Structure formats: C-alpha cells, structure tokens
Amino acid sequence: MNIKDDFPIFKNRDICYLDSGATAQKPAYVIEEIEDFYKNYNANPHRGAYSLSIEATEKYENVRTKISKFINSRFSEEIIFSKNASESLNLLAYSYGLENLKPGDEICLSIMEHHSNLVPWQKVAKKTGAKLVYMYIDKNFEIPEEEWKTKINKNTKIVGITHVSNVLGTINDVQNIIKYSHKNGAIVVLDASQSIPHMRIDVQKLDCDFLVFSGHKMMAPLGIGVLYGKRELLNNMTPFLMGGDMIEYVYEQETTFAPLPNKFEAGTQNVEGVIGLGASIDYIEKIGYEKIEEIEKEVVDYAVDELSKLEYLELYVTPNRKNHSSVISFNIKGVHPHDVASILDSEGVCVRSRKSLRTTAFKIFKYGFDLQSVFLHL
C-alpha cells in the first residue's frame with residue numbers, strides 16, 4: 001500500500017513535505033467529497049425548508065455525529081464547529097474565562113503552549129485580575145510531576161495544557177494532570193491540535209472539560225476547527241459571536257439564544273470544511289491509528305538516530321521515545337534557522353523555521369528517509 005499516491009499534490013509537485021504540523025496535505029478522497037457537496041448538495045444548512053437545504057443540513061449534522069463518535073463524547077451537541085483551534089480557544093477565553101474568573105483566581109498554563117492557548121488567557125487575566133501561572137519543562141523537555149503538583153492548587157480555576165507540543169513533540173501526561181486539576185476544583189482546556197492526527201482520543205476517558213483541534217492538521221480543509229465541551233459547562237456559557245441561527249427569539253430590547261450546539265455557531269458556517277473534516281476522519285479510520293503509530297515510530301526512530309550522528313546539529317527531543325510524538329526540532333550550529341529552511345527548500349524539502357526558538361521544527365510527513373509508503377500527518 002503506497003499511501004503517498006492518495007495525495008494529488010505529490011503527483012503535481014516534486015517535493016518532500018515535512019511541515020504537516022502547520023497544515024497537512026489533503027488526500028484525493030477529502031477533495032472529492034468537497035467537490036461532491038458543491039456539485040450535488042450545496043445549500044445553507046438550517047436555513048431552508050426545501051429538500052436541498054434539508055439534505056445539506058443532514059450532511060452537516062452527520063459530521064457532527066461522526067466527530068462525537070470519533071472522540072467519544074456523550075452527546076453530539078457537545079461538538080461545536082469553529083474556524084480553527086485558535087477560534088475555539090478564544091471562544092473559551094471570552095465565554096468562560098471572562099465570566100468565571102475574579103481577582104485571586106489563577107490560570108495555569110504550560111510554558112510550551114501554542115500562542116493561541118496563551119495570549120487569550122493573558123487578556124483574560126488582565127481583564128479579570130486573575131493571575132497567570134506557568135508549568136515549566138525540565139532538561140528532557142518534559143513537564144515534571146512536581147511542576148504541576150506545585151503550580152496547580154485550590155486557587156487554580158483553569159488549566160490549559162497541550163496534549164502534544166507543536167515545537168518539541170513532547171507528549172504530556174494529560175491524564176494525570178486532568179485528574180489533579182479536578183481534585184483542586186479546576187477545569188481543563190486540552191489542546192489536541194497536534195495529537196488527534198496521531199492517536200486515538202477519548203474525551204470521556206480523559207475527562208477533559210474542553211478540547212480543541214484544527215481540521216487542517218488532520219488532512220481536512222483549512223478554516224475548520226472543533227470545540228468539544230461538557231454539555232453542562234456549555235449550557236452555562238454565554239455565546240462569543242452573535243448572528244444568524246444562534247437565536248431563539250429576538251425582541252426589540254432582548255434576545256434569547258438557541259440551544260446547543262447552535263448557540264455557538266453564529267452565521268453561515270464553513271460547510272465545505274465540515275464535509276471535508278468528516279471525510280478526513282473516514283480516511284484516518286480507514287488506515288487505522290495502529291498503522292499510523294507503527295509507521296510514525298519507524299520513521300521517527302530512524303530520523304532521530306540518523307540526525308544524532310551529525311555533530312553540527314543539535315536535537316531537541318525527549319530521551320524517552322514513548323513521550324515523544326513525530327515533531328523533530330533541531331538547530332544547525334552557527335546557522336540561522338531561516339537560512340537552513342531556505343537551503344532545504346532549494347532542494348525541494350519543506351520545513352518550518354522558528355526564529356524565536358533558534359530551532360527548525362522538522363515535521364515528518366509521509367515520505368523521506370528512503371522509506372516506502374510512509375504515512376504521517378502532524
């Protein structure tokens with residue numbers, strides 16, 4: 001099975017794409033499902049009583065049900081469509097953070113958070129008088145147990161933690177962090193953007209309060225994201241965006257909001273993105289997470305072993321491979337990361353460069369290192 005053949009871009013471009021952590025390439029199946037929607041079902045969901053709109057609504061809502069099963073949420077209305085993980089996190093900051101925090105409360109984040117799970121909480125802290133507290137990493141690029149056990153306490157109201165670091169590839173001990181957070185009365189916001197393309201996620205087993213991810217990192221189109229939240233929490237939150245289809249009744253001086261999930265989906269949604277996201281889930285399920293993890297381990301082990309032999313290269317990976325995903329960050333000694341990325345690009349190799357960390361995130365995709373039929377999407 002040569003999975004690479006499923007991706008049209010590799011038939012059209014002679015490249016080695018290693019930046020799936022930013023956005024994954026799209027298989028033909030996803031592209032064809034989007035095309036089929038526009039050819040045969042294009043209408044605005046929830047807006048019309050005619051058959052075409054009803055069919056579009058069914059397509060749209062079927063994906064919500066599919067995602068609910070995919071992450072094992074209790075109710076399909078716990079799945080909210082957004083533009084991306086960043087928008088989902090901003091929704092939480094405005095609709096939950098601003099409404100529930102006060103002076104003396106604490107927001108605890110890991111220092112490895114993506115800016116999307118950091119900057120909104122900075123604003124919330126300034127607006128509410130809450131305090132931002134950070135969990136730091138050790139020399140192994142991991143958050144040691146004593147860090148979260150000393151930083152999370154009875155004053156902590158919100159814990160924001162990435163499942164997998166988009167820079168270091170560290171897989172955090174989110175199961176125990178969530179348990180400890182709940183023990184102290186805090187709710188947990190889990191960023192699964194870098195983990196859900198690689199590993200099965202069960203929100204009931206994890207018991208996270210909120211979970212976010214972006215579809216484009218898991219081979220869905222750009223501009224579609226998901227917010228999962230426990231129903232009782234979402235019901236008690238006020239909407240972040242106002243507009244069409246999230247309204248129940250409108251009077252001159254007052255408005256009541258529609259029930260979940262519509263309450264948080266104002267205006268015409270990115271329906272093609274939702275359809276593509278459903279198709280990407282089908283594609284992942286067809287290959288299977290066991291196969292994905294098997295190939296990922298093979299490629300990452302090979303890459304780390306080979307890169308470790310280069311004296312001019314500094315690697316930033318966890319020594320324990322079980323705690324490491326498929327992001328490989330490195331620095332070429334004495335060379336600016338942008339120069340490294342430009343030189344690699346001249347050879348048809350696409351990598352991410354990060355000036356602020358003096359590293360180049362080496363995102364492994366589905367071919368390279370002379371391995372055949374390699375499938376990875378970060």
# chains A, B, ... in the order shown; residues from 1 in each chain; ligands from 1
call {"tool": "closest_atom_pairs", "arguments": {"of": "stretch 70-149 of chain A", "to": "stretch 240-248 of chain A", "cutoff": "7 Å", "atoms": "only C-alpha atoms", "output": "tab-separated table"}}
result
residue	atom	partner	partner_atom	distance
A:Leu91	CA	A:Phe240	CA	5.7
A:Tyr94	CA	A:Phe240	CA	6.4
A:Ser95	CA	A:Phe240	CA	5.6
call {"tool": "write_last_selection", "arguments": {"atoms": "N, CA and C atoms", "output": "short mmCIF file (atom, residue, chain, number, x, y, z; two decimals), in the first residue's frame"}}
result
data_model
loop_
_atom_site.label_atom_id
_atom_site.label_comp_id
_atom_site.auth_asym_id
_atom_site.auth_seq_id
_atom_site.Cartn_x
_atom_site.Cartn_y
_atom_site.Cartn_z
N LEU A 91 -12.97 31.54 21.99
CA LEU A 91 -14.34 31.40 22.45
C LEU A 91 -14.36 31.05 23.94
N TYR A 94 -13.30 34.10 26.14
CA TYR A 94 -14.33 35.13 26.26
C TYR A 94 -15.58 34.60 26.96
N SER A 95 -16.05 33.43 26.55
CA SER A 95 -17.34 32.94 27.04
C SER A 95 -17.24 32.26 28.40
#
call {"tool": "residues_around", "arguments": {"residues": "stretch 171-183 of chain A", "least_positions_apart": "3", "cutoff": "9 Å", "atoms": "only C-alpha atoms", "output": "ChimeraX atom specification"}}
result
/A:142-143,145,148-149,152-154,156-159,161-165,168,186-188,190,195,205-209,322-325
call {"tool": "write_last_selection", "arguments": {"atoms": "C-alpha atoms", "output": "PDB file, in the first residue's frame"}}
result
ATOM      1  CA  GLU A 142       9.012  17.387  29.725  1.00  0.00           C
ATOM      2  CA  ILE A 143       6.846  18.852  32.482  1.00  0.00           C
ATOM      3  CA  GLU A 145       5.267  15.850  38.080  1.00  0.00           C
ATOM      4  CA  TRP A 148       2.071  20.570  38.031  1.00  0.00           C
ATOM      5  CA  LYS A 149       1.647  19.406  41.606  1.00  0.00           C
ATOM      6  CA  ILE A 152      -1.986  23.677  40.388  1.00  0.00           C
ATOM      7  CA  ASN A 153      -3.720  24.447  43.680  1.00  0.00           C
ATOM      8  CA  LYS A 154      -7.041  25.484  45.219  1.00  0.00           C
ATOM      9  CA  THR A 156      -6.421  27.420  40.148  1.00  0.00           C
ATOM     10  CA  LYS A 157      -9.650  27.744  38.172  1.00  0.00           C
ATOM     11  CA  ILE A 158      -8.448  26.972  34.637  1.00  0.00           C
ATOM     12  CA  VAL A 159      -5.636  24.704  33.442  1.00  0.00           C
ATOM     13  CA  ILE A 161      -2.389  22.186  28.516  1.00  0.00           C
ATOM     14  CA  THR A 162      -1.308  20.982  25.091  1.00  0.00           C
ATOM     15  CA  HIS A 163      -1.571  17.230  24.568  1.00  0.00           C
ATOM     16  CA  VAL A 164       1.455  17.263  22.263  1.00  0.00           C
ATOM     17  CA  SER A 165       3.825  20.213  21.910  1.00  0.00           C
ATOM     18  CA  LEU A 168       9.119  19.872  20.880  1.00  0.00           C
ATOM     19  CA  ALA A 186     -10.116  23.472  38.226  1.00  0.00           C
ATOM     20  CA  ILE A 187     -11.471  22.887  34.732  1.00  0.00           C
ATOM     21  CA  VAL A 188      -9.071  21.741  31.995  1.00  0.00           C
ATOM     22  CA  LEU A 190      -6.902  20.456  26.335  1.00  0.00           C
ATOM     23  CA  SER A 195      -2.241  14.829  18.907  1.00  0.00           C
ATOM     24  CA  LYS A 205     -11.698   8.576  29.413  1.00  0.00           C
ATOM     25  CA  LEU A 206      -9.526  11.686  29.647  1.00  0.00           C
ATOM     26  CA  ASP A 207     -12.345  13.528  31.427  1.00  0.00           C
ATOM     27  CA  CYS A 208     -11.178  16.852  29.992  1.00  0.00           C
ATOM     28  CA  ASP A 209     -13.696  19.677  30.320  1.00  0.00           C
ATOM     29  CA  LYS A 322       7.336   6.905  24.415  1.00  0.00           C
ATOM     30  CA  ASN A 323       6.842  10.512  25.491  1.00  0.00           C
ATOM     31  CA  HIS A 324       7.663  11.908  22.066  1.00  0.00           C
ATOM     32  CA  SER A 325       5.478  12.386  19.035  1.00  0.00           C
TER      33      SER A 325
END
call {"tool": "closest_residue", "arguments": {"among": "A:Glu35, A:Glu290, A:Glu298, A:Glu232", "to": "A:Gly273", "atoms": "only C-alpha atoms"}}
result
A:Glu35
call {"tool": "residues_around", "arguments": {"residues": "A:Ala43", "least_positions_apart": "2", "cutoff": "8 Å", "atoms": "only C-alpha atoms", "output": "PyMOL selection string"}}
result
chain A and resi 41+45+52-53+56
call {"tool": "write_last_selection", "arguments": {"atoms": "C-alpha atoms", "output": "mmCIF file, in the first residue's frame"}}
result
data_model
loop_
_atom_site.group_PDB
_atom_site.id
_atom_site.type_symbol
_atom_site.label_atom_id
_atom_site.label_comp_id
_atom_site.auth_asym_id
_atom_site.auth_seq_id
_atom_site.Cartn_x
_atom_site.Cartn_y
_atom_site.Cartn_z
ATOM 1 C CA TYR A 41 -25.841 19.320 -2.102
ATOM 2 C CA PRO A 45 -27.883 24.231 6.406
ATOM 3 C CA LEU A 52 -31.768 20.733 -0.994
ATOM 4 C CA SER A 53 -31.295 22.675 2.249
ATOM 5 C CA ALA A 56 -27.253 19.925 3.231
#
call {"tool": "residues_around", "arguments": {"residues": "A:Leu211", "least_positions_apart": "3", "cutoff": "6 Å", "atoms": "only C-alpha atoms", "output": "PyMOL selection string"}}
result
chain A and resi 189-191+227-228
call {"tool": "residues_around", "arguments": {"residues": "A:Gly129", "least_positions_apart": "6", "cutoff": "8 Å", "atoms": "only C-alpha atoms", "output": "PyMOL selection string"}}
result
chain A and resi 101-105
call {"tool": "residues_around", "arguments": {"residues": "A:Ile111", "least_positions_apart": "5", "cutoff": "6 Å", "atoms": "only C-alpha atoms", "output": "list of chain:residue names"}}
result
A:Tyr134, A:Met135, A:Tyr136
call {"tool": "residues_around", "arguments": {"residues": "A:Ile196", "least_positions_apart": "3", "cutoff": "10 Å", "atoms": "only C-alpha atoms", "output": "PyMOL selection string"}}
result
chain A and resi 71+163-164+191-193+199-201+212-215+217-218+289+377-378
call {"tool": "write_last_selection", "arguments": {"atoms": "N, CA and C atoms", "output": "mmCIF file, in the first residue's frame"}}
result
data_model
loop_
_atom_site.group_PDB
_atom_site.id
_atom_site.type_symbol
_atom_site.label_atom_id
_atom_site.label_comp_id
_atom_site.auth_asym_id
_atom_site.auth_seq_id
_atom_site.Cartn_x
_atom_site.Cartn_y
_atom_site.Cartn_z
ATOM 1 N N ILE A 71 -14.368 11.042 18.942
ATOM 2 C CA ILE A 71 -13.678 11.384 20.197
ATOM 3 C C ILE A 71 -14.442 10.865 21.422
ATOM 4 N N HIS A 163 -1.763 18.680 24.507
ATOM 5 C CA HIS A 163 -1.571 17.230 24.568
ATOM 6 C C HIS A 163 -0.186 16.865 24.036
ATOM 7 N N VAL A 164 0.142 17.454 22.883
ATOM 8 C CA VAL A 164 1.455 17.263 22.263
ATOM 9 C C VAL A 164 1.989 18.632 21.860
ATOM 10 N N ASP A 191 -5.579 21.164 24.434
ATOM 11 C CA ASP A 191 -5.311 21.458 23.024
ATOM 12 C C ASP A 191 -4.814 20.175 22.359
ATOM 13 N N ALA A 192 -5.672 19.604 21.511
ATOM 14 C CA ALA A 192 -5.344 18.333 20.854
ATOM 15 C C ALA A 192 -4.963 18.510 19.393
ATOM 16 N N SER A 193 -4.601 19.727 19.019
ATOM 17 C CA SER A 193 -4.314 20.002 17.608
ATOM 18 C C SER A 193 -3.214 19.127 17.042
ATOM 19 N N MET A 199 -3.119 9.893 17.341
ATOM 20 C CA MET A 199 -3.517 8.942 18.378
ATOM 21 C C MET A 199 -4.999 9.061 18.686
ATOM 22 N N ARG A 200 -5.582 7.950 19.080
ATOM 23 C CA ARG A 200 -6.996 7.917 19.438
ATOM 24 C C ARG A 200 -7.236 8.750 20.689
ATOM 25 N N ILE A 201 -8.253 9.598 20.652
ATOM 26 C CA ILE A 201 -8.605 10.434 21.789
ATOM 27 C C ILE A 201 -10.010 10.087 22.257
ATOM 28 N N VAL A 212 -9.933 21.145 22.057
ATOM 29 C CA VAL A 212 -9.968 21.854 20.774
ATOM 30 C C VAL A 212 -9.000 21.199 19.796
ATOM 31 N N PHE A 213 -9.334 21.315 18.507
ATOM 32 C CA PHE A 213 -8.384 20.912 17.470
ATOM 33 C C PHE A 213 -8.766 21.562 16.150
ATOM 34 N N SER A 214 -7.789 21.626 15.246
ATOM 35 C CA SER A 214 -7.979 22.182 13.900
ATOM 36 C C SER A 214 -8.025 21.056 12.882
ATOM 37 N N GLY A 215 -8.990 21.137 11.964
ATOM 38 C CA GLY A 215 -9.120 20.088 10.958
ATOM 39 C C GLY A 215 -7.973 20.039 9.974
ATOM 40 N N LYS A 217 -4.889 20.210 10.244
ATOM 41 C CA LYS A 217 -3.711 19.434 10.637
ATOM 42 C C LYS A 217 -3.962 17.932 10.506
ATOM 43 N N MET A 218 -5.220 17.563 10.262
ATOM 44 C CA MET A 218 -5.559 16.148 10.105
ATOM 45 C C MET A 218 -6.160 15.882 8.723
ATOM 46 N N TYR A 289 -5.420 3.952 13.431
ATOM 47 C CA TYR A 289 -4.396 4.568 14.283
ATOM 48 C C TYR A 289 -3.242 3.615 14.579
ATOM 49 N N HIS A 377 0.919 12.425 9.411
ATOM 50 C CA HIS A 377 0.367 13.758 9.205
ATOM 51 C C HIS A 377 0.301 14.430 10.557
ATOM 52 N N LEU A 378 1.011 15.520 10.714
ATOM 53 C CA LEU A 378 1.140 16.162 12.022
ATOM 54 C C LEU A 378 0.085 17.214 12.233
#
call {"tool": "closest_residue", "arguments": {"among": "A:Leu109, A:Val340, A:Val271, A:Leu18", "to": "A:Leu313", "atoms": "only C-alpha atoms"}}
result
A:Val340
